[in-house]
file query_21.csv (CSV, C-alpha atoms)
chain,number,residue,atom,x,y,z
A,108,MET,CA,12.8,15.4,-1.3
A,109,PRO,CA,13.5,12.3,0.9
A,110,GLY,CA,17.0,11.7,2.1
A,111,ALA,CA,19.4,8.8,1.3
A,112,ILE,CA,17.5,6.8,4.0
A,113,TYR,CA,13.8,7.4,4.5
A,114,ALA,CA,11.2,5.5,6.5
A,115,GLU,CA,7.6,6.3,7.2
A,116,GLY,CA,5.3,4.5,9.7
A,117,LEU,CA,7.4,1.3,10.1
A,118,VAL,CA,5.6,-1.2,12.3
A,119,LYS,CA,6.9,-4.7,13.2
A,120,THR,CA,5.6,-7.1,15.8
A,121,PHE,CA,7.0,-10.3,17.3
A,122,GLY,CA,4.1,-12.1,18.9
A,123,ASP,CA,2.7,-9.8,21.5
A,124,VAL,CA,5.7,-7.4,21.3
A,125,ARG,CA,5.5,-4.3,19.1
A,126,ALA,CA,9.1,-3.9,18.3
A,127,LEU,CA,8.5,-1.0,15.9
A,128,ASP,CA,5.5,1.2,16.5
A,129,GLY,CA,5.4,3.7,13.6
A,130,VAL,CA,9.1,4.7,13.2
A,131,ASP,CA,9.8,7.7,10.9
A,132,LEU,CA,13.3,8.5,9.7
A,133,ASP,CA,14.8,10.9,7.1
A,134,VAL,CA,18.6,10.9,6.8
A,135,PRO,CA,20.1,13.5,4.3
A,136,GLU,CA,22.8,12.3,1.9
A,137,GLY,CA,26.3,12.5,3.3
A,138,THR,CA,25.3,12.7,7.0
A,139,VAL,CA,25.3,10.4,10.0
A,140,LEU,CA,22.1,9.6,11.9
A,141,GLY,CA,22.7,8.2,15.4
A,142,LEU,CA,20.0,5.9,16.4
A,143,LEU,CA,20.1,5.7,20.2
A,144,GLY,CA,18.0,3.8,22.8
A,145,PRO,CA,18.2,1.2,25.5
A,146,ASN,CA,18.2,-2.5,24.8
A,147,GLY,CA,14.9,-3.6,23.3
A,148,ALA,CA,14.1,-0.1,22.0
A,149,GLY,CA,13.8,-1.2,18.4
A,150,LYS,CA,17.2,-0.1,17.0
A,151,THR,CA,18.3,-3.4,15.5
A,152,THR,CA,14.8,-4.2,14.2
A,153,THR,CA,14.9,-0.8,12.4
A,154,VAL,CA,18.3,-1.7,10.8
A,155,ARG,CA,17.0,-5.1,9.7
A,156,VAL,CA,14.0,-3.6,8.0
A,157,LEU,CA,16.0,-1.0,6.2
A,158,THR,CA,18.6,-3.5,5.0
A,159,THR,CA,15.9,-5.9,3.7
A,160,LEU,CA,16.5,-8.6,6.3
A,161,LEU,CA,13.0,-8.2,7.8
A,162,GLN,CA,9.6,-7.4,6.2
A,163,PRO,CA,7.7,-4.8,8.2
A,164,ASP,CA,4.1,-5.4,9.0
A,165,SER,CA,3.3,-1.9,7.6
A,166,GLY,CA,5.0,1.3,6.6
A,167,SER,CA,7.4,2.1,3.8
A,168,ALA,CA,11.1,2.7,3.3
A,169,VAL,CA,13.5,4.0,0.6
A,170,VAL,CA,17.3,3.5,0.7
A,171,ALA,CA,19.6,5.1,-1.8
A,172,GLY,CA,16.5,6.1,-3.8
A,173,ILE,CA,15.3,2.4,-4.0
A,174,ASP,CA,12.1,1.1,-2.5
A,175,VAL,CA,13.1,-1.4,0.2
A,176,LEU,CA,10.0,-3.6,-0.1
A,177,LYS,CA,9.7,-3.6,-3.9
A,178,ARG,CA,13.3,-3.9,-5.0
A,179,PRO,CA,15.3,-5.5,-2.1
A,180,ASN,CA,18.0,-7.0,-4.3
A,181,GLU,CA,18.9,-3.6,-5.7
A,182,VAL,CA,19.0,-2.1,-2.2
A,183,ARG,CA,21.5,-4.8,-1.1
A,184,ARG,CA,23.8,-3.8,-4.0
A,185,SER,CA,23.8,-0.2,-2.8
A,186,ILE,CA,24.5,-0.6,0.9
A,187,GLY,CA,27.1,-1.8,3.3
A,188,LEU,CA,26.1,-3.5,6.6
A,189,SER,CA,27.9,-4.3,9.8
A,190,GLY,CA,25.7,-6.0,12.3
A,191,GLN,CA,26.1,-6.8,16.0
A,192,PHE,CA,27.7,-10.2,15.2
A,193,ALA,CA,30.8,-10.6,13.1
A,194,ALA,CA,29.8,-12.2,9.8
A,195,VAL,CA,33.1,-13.7,8.8
A,196,ASP,CA,34.0,-17.2,7.4
A,197,GLU,CA,36.1,-18.7,10.2
A,198,TYR,CA,37.9,-21.1,7.9
A,199,LEU,CA,39.2,-18.4,5.5
A,200,THR,CA,42.0,-16.1,6.4
A,201,GLY,CA,41.3,-12.4,7.0
A,202,ARG,CA,42.7,-11.6,3.6
A,203,GLU,CA,40.6,-14.3,1.9
A,204,ASN,CA,37.4,-13.0,3.6
A,205,LEU,CA,37.9,-9.5,2.3
A,206,GLN,CA,38.9,-10.7,-1.2
A,207,MET,CA,35.8,-12.9,-1.3
A,208,VAL,CA,33.5,-10.0,-0.6
A,209,GLY,CA,35.2,-7.9,-3.3
A,210,GLN,CA,34.8,-10.6,-5.9
A,211,LEU,CA,31.1,-11.2,-4.9
A,212,TYR,CA,30.7,-7.5,-5.7
A,213,GLN,CA,32.3,-8.3,-9.1
A,214,MET,CA,35.6,-6.5,-8.4
A,215,SER,CA,38.5,-7.9,-10.4
A,216,ALA,CA,40.8,-10.3,-8.5
A,217,ARG,CA,43.5,-7.6,-8.7
A,218,ASP,CA,41.3,-4.9,-7.3
A,219,ALA,CA,39.9,-7.1,-4.6
A,220,LYS,CA,43.4,-8.1,-3.5
A,221,ALA,CA,44.5,-4.5,-3.4
A,222,ARG,CA,41.4,-3.4,-1.5
A,223,ALA,CA,41.8,-6.2,1.0
A,224,ALA,CA,45.4,-5.3,1.7
A,225,ALA,CA,44.5,-1.6,2.3
A,226,LEU,CA,41.6,-2.5,4.7
A,227,LEU,CA,43.7,-5.0,6.6
A,228,GLU,CA,46.3,-2.2,7.2
A,229,ARG,CA,43.7,0.4,8.1
A,230,PHE,CA,42.1,-1.9,10.7
A,231,ASN,CA,45.4,-3.1,12.2
A,232,LEU,CA,45.0,-6.6,10.9
A,233,ALA,CA,47.9,-6.8,8.5
A,234,ASP,CA,50.0,-9.0,10.8
A,235,ALA,CA,47.2,-11.6,11.1
A,236,ALA,CA,46.1,-11.3,7.5
A,237,ASP,CA,47.0,-14.8,6.5
A,238,ARG,CA,45.7,-16.6,9.6
A,239,PRO,CA,42.3,-18.3,9.6
A,240,ALA,CA,39.7,-16.1,11.1
A,241,LYS,CA,38.8,-18.7,13.7
A,242,THR,CA,42.2,-17.9,15.4
A,243,TYR,CA,41.2,-14.2,15.8
A,244,SER,CA,40.1,-12.7,19.1
A,245,GLY,CA,36.6,-11.3,19.3
A,246,GLY,CA,37.8,-7.8,18.8
A,247,MET,CA,39.8,-8.8,15.7
A,248,ARG,CA,36.8,-10.5,14.2
A,249,ARG,CA,34.8,-7.4,14.8
A,250,ARG,CA,37.3,-5.3,13.0
A,251,LEU,CA,37.4,-7.8,10.1
A,252,ASP,CA,33.6,-7.7,9.8
A,253,LEU,CA,33.8,-3.9,9.7
A,254,ALA,CA,36.4,-4.0,7.0
A,255,ALA,CA,34.3,-6.4,4.9
A,256,ALA,CA,31.4,-3.9,5.1
A,257,LEU,CA,33.7,-1.3,3.5
A,258,VAL,CA,35.2,-3.3,0.7
A,259,VAL,CA,33.1,-1.6,-2.0
A,260,SER,CA,32.7,1.8,-0.4
A,261,PRO,CA,28.9,1.8,-0.7
A,262,PRO,CA,26.9,5.1,-0.8
A,263,VAL,CA,24.8,4.1,2.2
A,264,MET,CA,26.1,2.3,5.3
A,265,PHE,CA,24.4,0.7,8.2
A,266,MET,CA,26.4,0.0,11.4
A,267,ASP,CA,24.6,-1.7,14.2
A,268,GLU,CA,26.7,-1.0,17.4
A,269,PRO,CA,29.9,-1.3,15.4
A,270,THR,CA,32.4,-0.6,18.2
A,271,THR,CA,31.0,-3.1,20.7
A,272,GLY,CA,34.0,-5.2,21.9
A,273,LEU,CA,36.7,-2.9,20.6
A,274,ASP,CA,39.3,-1.4,22.8
A,275,PRO,CA,39.6,2.4,23.0
A,276,ARG,CA,42.4,2.6,20.5
A,277,ASN,CA,40.6,0.6,17.8
A,278,ARG,CA,37.3,2.4,18.6
A,279,GLN,CA,39.1,5.7,17.9
A,280,ALA,CA,40.5,4.3,14.7
A,281,LEU,CA,37.0,3.2,13.5
A,282,TRP,CA,35.7,6.7,14.3
A,283,GLU,CA,38.3,8.2,12.1
A,284,VAL,CA,37.4,5.7,9.3
A,285,ILE,CA,33.7,6.7,9.6
A,286,GLU,CA,34.6,10.4,9.5
A,287,GLU,CA,36.6,9.8,6.3
A,288,LEU,CA,33.7,7.9,4.7
A,289,VAL,CA,31.2,10.6,5.5
A,290,ASP,CA,33.6,13.3,4.2
A,291,GLY,CA,33.6,11.3,1.0
A,292,GLY,CA,29.8,11.5,0.7
A,293,THR,CA,28.7,8.2,2.4
A,294,THR,CA,25.4,8.3,4.3
A,295,LEU,CA,25.5,6.4,7.6
A,296,LEU,CA,22.9,5.1,10.0
A,297,LEU,CA,24.7,4.2,13.2
A,298,THR,CA,23.1,2.5,16.2
A,299,THR,CA,25.1,2.7,19.4
A,300,GLN,CA,25.0,2.7,23.2
A,301,TYR,CA,28.3,4.6,23.5
A,302,LEU,CA,27.0,8.1,24.0
A,303,GLU,CA,30.4,9.8,23.3
A,304,GLU,CA,30.3,8.0,19.9
A,305,ALA,CA,27.0,9.6,18.9
A,306,ASP,CA,28.2,12.9,20.3
A,307,ARG,CA,31.3,12.9,18.1
A,308,LEU,CA,30.0,11.3,14.9
A,309,ALA,CA,26.3,12.0,14.5
A,310,HIS,CA,24.9,15.1,12.6
A,311,ASP,CA,21.5,14.2,13.9
A,312,ILE,CA,20.3,11.9,16.7
A,313,CYS,CA,17.0,9.9,17.1
A,314,VAL,CA,16.2,8.6,20.5
A,315,VAL,CA,14.0,5.5,20.3
A,316,ASP,CA,12.2,3.7,23.1
A,317,HIS,CA,9.6,1.0,22.9
A,318,GLY,CA,9.6,1.1,19.1
A,319,ARG,CA,9.0,4.8,18.8
A,320,VAL,CA,11.1,7.8,18.0
A,321,ILE,CA,10.6,9.9,21.2
A,322,ALA,CA,13.1,12.7,20.4
A,323,ARG,CA,15.2,14.0,17.5
A,324,GLY,CA,17.8,16.7,17.0
A,325,THR,CA,21.4,17.5,17.2
A,326,ALA,CA,23.3,16.5,20.3
A,327,ASP,CA,23.3,20.1,21.5
A,328,GLN,CA,19.5,20.5,20.8
A,329,LEU,CA,18.7,17.3,22.8
A,330,LYS,CA,20.9,18.4,25.7
A,331,ALA,CA,19.2,21.8,25.7
A,332,GLN,CA,15.8,20.1,26.0
A,333,THR,CA,17.0,18.2,29.0
A,334,GLY,CA,17.9,21.4,30.9
A,335,GLY,CA,20.7,23.8,31.5
A,336,GLU,CA,23.8,23.5,33.6
A,337,ARG,CA,24.4,21.3,36.5
A,338,VAL,CA,26.5,21.7,39.7
A,339,GLU,CA,28.3,18.5,40.7
A,340,VAL,CA,29.8,18.2,44.2
A,341,VAL,CA,31.8,15.4,45.7
A,342,VAL,CA,31.9,15.7,49.5
A,343,HIS,CA,34.9,14.4,51.5
A,344,ALA,CA,32.8,12.2,53.9
A,345,SER,CA,29.5,10.5,53.8
A,346,GLU,CA,28.2,12.4,56.8
A,347,GLN,CA,28.5,15.6,54.8
A,348,ILE,CA,26.0,14.5,52.2
A,349,SER,CA,23.0,15.8,54.1
A,350,PRO,CA,24.2,19.4,54.7
A,351,ALA,CA,25.5,19.5,51.2
A,352,ARG,CA,22.1,18.5,49.9
A,353,GLU,CA,20.5,21.3,51.8
A,354,VAL,CA,22.9,23.9,50.4
A,355,LEU,CA,22.4,22.7,46.8
A,356,ALA,CA,18.6,22.6,47.2
A,357,GLY,CA,18.7,26.3,48.0
A,358,PHE,CA,20.4,27.0,44.7
A,359,GLY,CA,19.0,24.3,42.4
A,360,LYS,CA,16.2,24.4,39.9
A,361,GLY,CA,15.2,20.8,40.5
A,362,GLU,CA,15.7,17.8,42.6
A,363,VAL,CA,19.2,17.1,44.1
A,364,ALA,CA,20.5,13.7,42.9
A,365,VAL,CA,22.7,11.8,45.3
A,366,ALA,CA,25.0,8.9,44.5
A,367,ALA,CA,25.9,7.8,48.1
A,368,HIS,CA,28.6,5.3,47.1
A,369,THR,CA,30.6,8.1,45.4
A,370,ARG,CA,29.5,10.9,47.7
A,371,LYS,CA,28.4,12.9,44.6
A,372,LEU,CA,25.5,15.3,44.5
A,373,THR,CA,24.1,16.9,41.3
A,374,VAL,CA,21.5,19.6,40.8
A,375,PRO,CA,20.3,21.6,37.8
A,376,VAL,CA,21.0,25.3,38.1
A,377,THR,CA,21.1,28.6,36.2
A,378,GLY,CA,23.6,31.3,36.8
A,379,GLY,CA,26.9,29.9,35.5
A,380,ALA,CA,30.2,30.5,37.2
A,381,LYS,CA,28.9,33.3,39.4
A,382,LEU,CA,26.4,30.9,41.0
A,383,LEU,CA,29.1,28.2,41.4
A,384,ALA,CA,31.2,30.7,43.4
A,385,GLU,CA,28.2,31.3,45.7
A,386,VAL,CA,27.7,27.6,46.2
A,387,ILE,CA,31.3,27.2,47.2
A,388,ARG,CA,31.0,30.0,49.7
A,389,GLU,CA,27.9,28.5,51.2
A,390,LEU,CA,29.3,25.0,51.5
A,391,ASP,CA,32.4,26.5,53.2
A,392,ALA,CA,30.2,28.5,55.6
A,393,ARG,CA,28.4,25.2,56.5
A,394,GLY,CA,31.7,23.5,57.1
A,395,VAL,CA,31.2,21.0,54.2
A,396,GLU,CA,34.6,19.8,53.0
A,397,ILE,CA,34.5,19.0,49.3
A,398,ASP,CA,36.9,16.8,47.2
A,399,ASP,CA,35.6,18.1,43.9
A,400,ILE,CA,33.1,20.6,42.5
A,401,GLY,CA,32.2,21.7,39.0
A,402,LEU,CA,29.7,23.1,36.6
A,403,ARG,CA,28.8,21.1,33.5
A,404,ARG,CA,26.4,20.9,30.7
A,405,PRO,CA,24.0,17.9,30.3
A,406,THR,CA,25.4,14.8,28.7
A,407,LEU,CA,23.6,12.5,26.3
A,408,ASP,CA,23.2,10.1,29.3
A,409,ASP,CA,21.2,12.9,31.0
A,410,VAL,CA,19.1,13.0,27.8
A,411,PHE,CA,18.4,9.3,28.1
A,412,ILE,CA,17.5,9.4,31.7
A,413,SER,CA,15.3,12.4,31.1
A,414,LEU,CA,13.5,10.9,28.1
A,415,THR,CA,13.3,7.2,29.0
A,416,GLY,CA,13.7,7.1,32.7
A,417,HIS,CA,16.8,4.9,32.5
A,418,ALA,CA,20.3,5.0,31.2
A,419,ALA,CA,21.3,4.1,27.6
A,420,ASP,CA,22.6,0.6,28.5
A,421,ALA,CA,19.7,-0.3,30.8
A,422,ASP,CA,18.1,-3.7,30.2
A,423,ALA,CA,14.6,-2.7,31.3
A,424,ASP,CA,11.8,-4.0,29.1
A,425,ALA,CA,14.3,-5.5,26.6
A,426,TYR,CA,12.8,-8.1,24.4
A,427,THR,CA,14.5,-11.0,22.5
A,428,GLU,CA,13.4,-11.4,18.9
A,429,PRO,CA,12.4,-14.9,17.9
A,430,GLU,CA,15.2,-17.3,16.7
A,431,GLY,CA,13.5,-17.7,13.4
A,432,GLU,CA,14.1,-14.1,12.4
A,433,PRO,CA,17.3,-13.4,10.5
A,434,GLU,CA,20.3,-11.8,12.2
A,435,THR,CA,22.3,-9.0,10.9
A,436,GLY,CA,25.3,-11.2,11.3
A,437,ALA,CA,26.2,-14.2,9.2
A,438,ASP,CA,22.7,-14.8,7.9
A,439,GLY,CA,22.3,-11.2,6.9
A,440,ALA,CA,25.6,-11.1,5.2
A,441,ALA,CA,24.7,-14.3,3.3
A,442,GLN,CA,21.6,-12.6,2.0
A,443,GLN,CA,23.6,-9.6,0.9
A,444,LYS,CA,26.2,-11.8,-0.8
A,445,GLU,CA,23.5,-13.7,-2.6
A,446,ALA,CA,22.1,-10.5,-4.0
A,447,VAL,CA,25.3,-9.4,-5.6
A,448,LYS,CA,26.3,-12.6,-7.2

call {"tool": "encode", "arguments": {"input": "query_21.csv", "output": "structure tokens"}}
result
Amino acid sequence: MPGAIYAEGLVKTFGDVRALDGVDLDVPEGTVLGLLGPNGAGKTTTVRVLTTLLQPDSGSAVVAGIDVLKRPNEVRRSIGLSGQFAAVDEYLTGRENLQMVGQLYQMSARDAKARAAALLERFNLADAADRPAKTYSGGMRRRLDLAAALVVSPPVMFMDEPTTGLDPRNRQALWEVIEELVDGGTTLLLTTQYLEEADRLAHDICVVDHGRVIARGTADQLKAQTGGERVEVVVHASEQISPAREVLAGFGKGEVAVAAHTRKLTVPVTGGAKLLAEVIRELDARGVEIDDIGLRRPTLDDVFISLTGHAADADADAYTEPEGEPETGADGAAQQKEAVK
């Protein structure tokens, strides 16, 4: 039985660019799917299709048990959406923005007021609640937009890079909110370029590149595909990079990566702590002075580099969707609000 979010064979083109090239997704109810990929990979286009803001050229999708193409208005009533751009009314106060969303979803004025107050407190906006949103900083608008997406606690949530622009404290607070939502049964599709965010929140991860899902699994499974452990060495002086590379090449199971500006060398290995001790002895015997050395597992950044050839925040091959297509910001919010009137 399909999950709370299900897509099969989604294709979307913009001119000569194939933004989605047969995307398949299946997100079980009450879980978080992290959709990861570099800029231009197709993450936001996928969200736009699943939230009814774009029509795919082909393929099918079901959200909360509702066909996205046949019954888009019903889908909008069953989802929450926070896009990359804060969809707030600048001339209303923070409190008025949240109360308006609640009343659009047919909450009573009393309930909308109470829900707004609770969310303003949760997102550290209570002190600015009665100021016009146009006086808010970028991070404050982002938090207000996220609060608006949670006014009615929808069964399915879409968050498109939700913590972009947030400081570490507010990012941490949002992670806690997301965890509470999922514990309560909410299903979430989360796009992000913060790899630690996916590592912490996602039950399952899809890596997308050039409009295709190129890998899927838990964070641990994806890391295991990338390879085993790595030895990292930071040498004391640049002239010691060459002898250190020779030592590591003798122990490694792959190419030695060198970051000359930080004097760091990295190589995949097998053998654990015992091998690390041997590396240290050999470096000492060669007279290589080290500032730091350690054994670590692959990170999700290693997964990206292995799968796509570039890091998660790389701009390579990024495309810009035409201006005529709706955004998941203000225009997208307007469509959602129209659907629930």

call {"tool": "closest_residue", "arguments": {"input": "query_21.csv", "among": "A:Ala235, A:Leu251, A:Leu273, A:Leu160", "to": "Leu205 (chain A)", "atoms": "all atoms listed in the file"}}
result
A:Leu251

call {"tool": "closest_residue", "arguments": {"input": "query_21.csv", "among": "A:Leu157, A:Arg249, A:Ala256, A:Arg319", "to": "Arg125 (chain A)", "atoms": "all atoms listed in the file"}}
result
A:Arg319

call {"tool": "closest_residue", "arguments": {"input": "query_21.csv", "among": "A:Leu127, A:Leu140, A:Val175, A:Ala326", "to": "Leu302 (chain A)", "atoms": "all atoms listed in the file"}}
result
A:Ala326

call {"tool": "atom_distance", "arguments": {"input": "query_21.csv", "atom1": "CA of Val259 (chain A)", "atom2": "CA of Asn277 (chain A)"}}
result
21.3 Å

call {"tool": "atom_distance", "arguments": {"input": "query_21.csv", "atom1": "CA of Ala114 (chain A)", "atom2": "CA of Ile312 (chain A)"}}
result
15.1 Å

call {"tool": "residues_around", "arguments": {"input": "query_21.csv", "residues": "Arg222 (chain A)", "least_positions_apart": "2", "cutoff": "9 Å", "atoms": "all atoms listed in the file", "output": "list in words"}}
result
Leu205, Gln206, Gly209, Arg217, Asp218, Ala219, Lys220, Ala224, Ala225, Leu226, Leu227, Val258 and Val259 of chain A

call {"tool": "atom_distance", "arguments": {"input": "query_21.csv", "atom1": "CA of Asp131 (chain A)", "atom2": "CA of Pro109 (chain A)"}}
result
11.6 Å

call {"tool": "residues_around", "arguments": {"input": "query_21.csv", "residues": "Leu390 (chain A)", "least_positions_apart": "6", "cutoff": "9 Å", "atoms": "only C-alpha atoms", "output": "PDB file with C-alpha atoms, in the coordinates of the input"}}
result
ATOM      1  CA  PRO A 350      24.200  19.400  54.700  1.00  0.00           C
ATOM      2  CA  ALA A 351      25.500  19.500  51.200  1.00  0.00           C
ATOM      3  CA  VAL A 354      22.900  23.900  50.400  1.00  0.00           C
ATOM      4  CA  LEU A 355      22.400  22.700  46.800  1.00  0.00           C
ATOM      5  CA  GLU A 396      34.600  19.800  53.000  1.00  0.00           C
ATOM      6  CA  ILE A 397      34.500  19.000  49.300  1.00  0.00           C
TER       7      ILE A 397
END

call {"tool": "residues_around", "arguments": {"input": "query_21.csv", "residues": "region 372-375 of chain A", "least_positions_apart": "4", "cutoff": "8 Å", "atoms": "only C-alpha atoms", "output": "list of chain:residue names"}}
result
A:Gly334, A:Gly335, A:Glu336, A:Arg337, A:Val338, A:Glu339, A:Val340, A:Val341, A:Ile348, A:Ala351, A:Arg352, A:Leu355, A:Ala356, A:Gly359, A:Lys360, A:Gly361, A:Glu362, A:Val363, A:Ala364, A:Val365, A:Ala366
